[in-house]
Amino acid sequence: MAAAAALRRSPLLRRRAGPGPPPGAASGWERVGGGARVTFVCPTGARAGPGGGAPLRPSSGGAARGDISKPVIDRILRVDHAGEFGANRIYAGQMAVLGRSSVGPLIQQMWNQEKDHLKKFNELMVAYRVRPTVLLPFWNVAGFVLGAGSALLGKKGAMACTVAVEESISEHYNNQIRTLIEEDPEKYKELLQVIKQFRDDEQEHHDIGLEHDAEAAPAYSVLKTAIQLGCKAAIFLSERI
């Protein structure tokens, strides 16, 4: 009884009276007391379970989402969501011009992968409660204009745009992978898997562009440099606002 009283007084513990732990609680709750009134305790700082009541924390298996660095996750998800949104608009612009050409099915294939990327980042934004960048309306227009404008130069112009953008995104994803590994690869295991897979997809798009004569586009070097400068500016801004 003395041990139970000490547990009930401890500021490090949360209590719940009743016949059992709160609905949906993880394992690890301890029964204190006896008779008509029983108290169940768990460590303070655990997360709330689906049935309400006191917070709870998984007793084993993986790092709790509350253990991650929120500023790191916010920055990464915000900019990646913006990037995939912009990529979708670029391919939409290219399809508006070249959709019925011989290269249309290839552009559509790459666009479909970008749609999958954006869908996943939409889900992660909700799961981690990250707000999107306020610049989405601007990227909506700018992405479409870039895609359509490059496509007006013909198939080679569209592929040059693809090479420039996908090279920038692949490099950006590699930087994020290094950052998360330096932070804690186990904590960010889920996000690392997503980013690595998407990095590989973007690299594949880059290679497809080269295989389809991107470097033969008019003023290729100038076009590529200009697009990549724009990508760097977009990344910088979308991480922050």
# chains A, B, ... in the order shown; residues from 1 in each chain; ligands from 1
>>> residues_around(residues="A:Ile208", least_positions_apart="2", cutoff="10 Å", atoms="only C-alpha atoms", output="list in words")
Leu106, Ile107, Met110, Met159, Thr162, Val163, Glu202, Gln203, Glu204, His205, His206, Leu210, Glu211, His212, Asp213 and Ala214 of chain A
>>> residues_around(residues="A:Tyr173", least_positions_apart="4", cutoff="7 Å", atoms="only C-alpha atoms", output="ChimeraX atom specification")
/A:169,177,195,199
>>> residues_around(residues="stretch 75-87 of chain A", least_positions_apart="6", cutoff="8 Å", atoms="only C-alpha atoms", output="PyMOL selection string")
chain A and resi 114-115+117-118+121-122+124-125+130-133+136+139-140+142-144+169+176+235+238-240
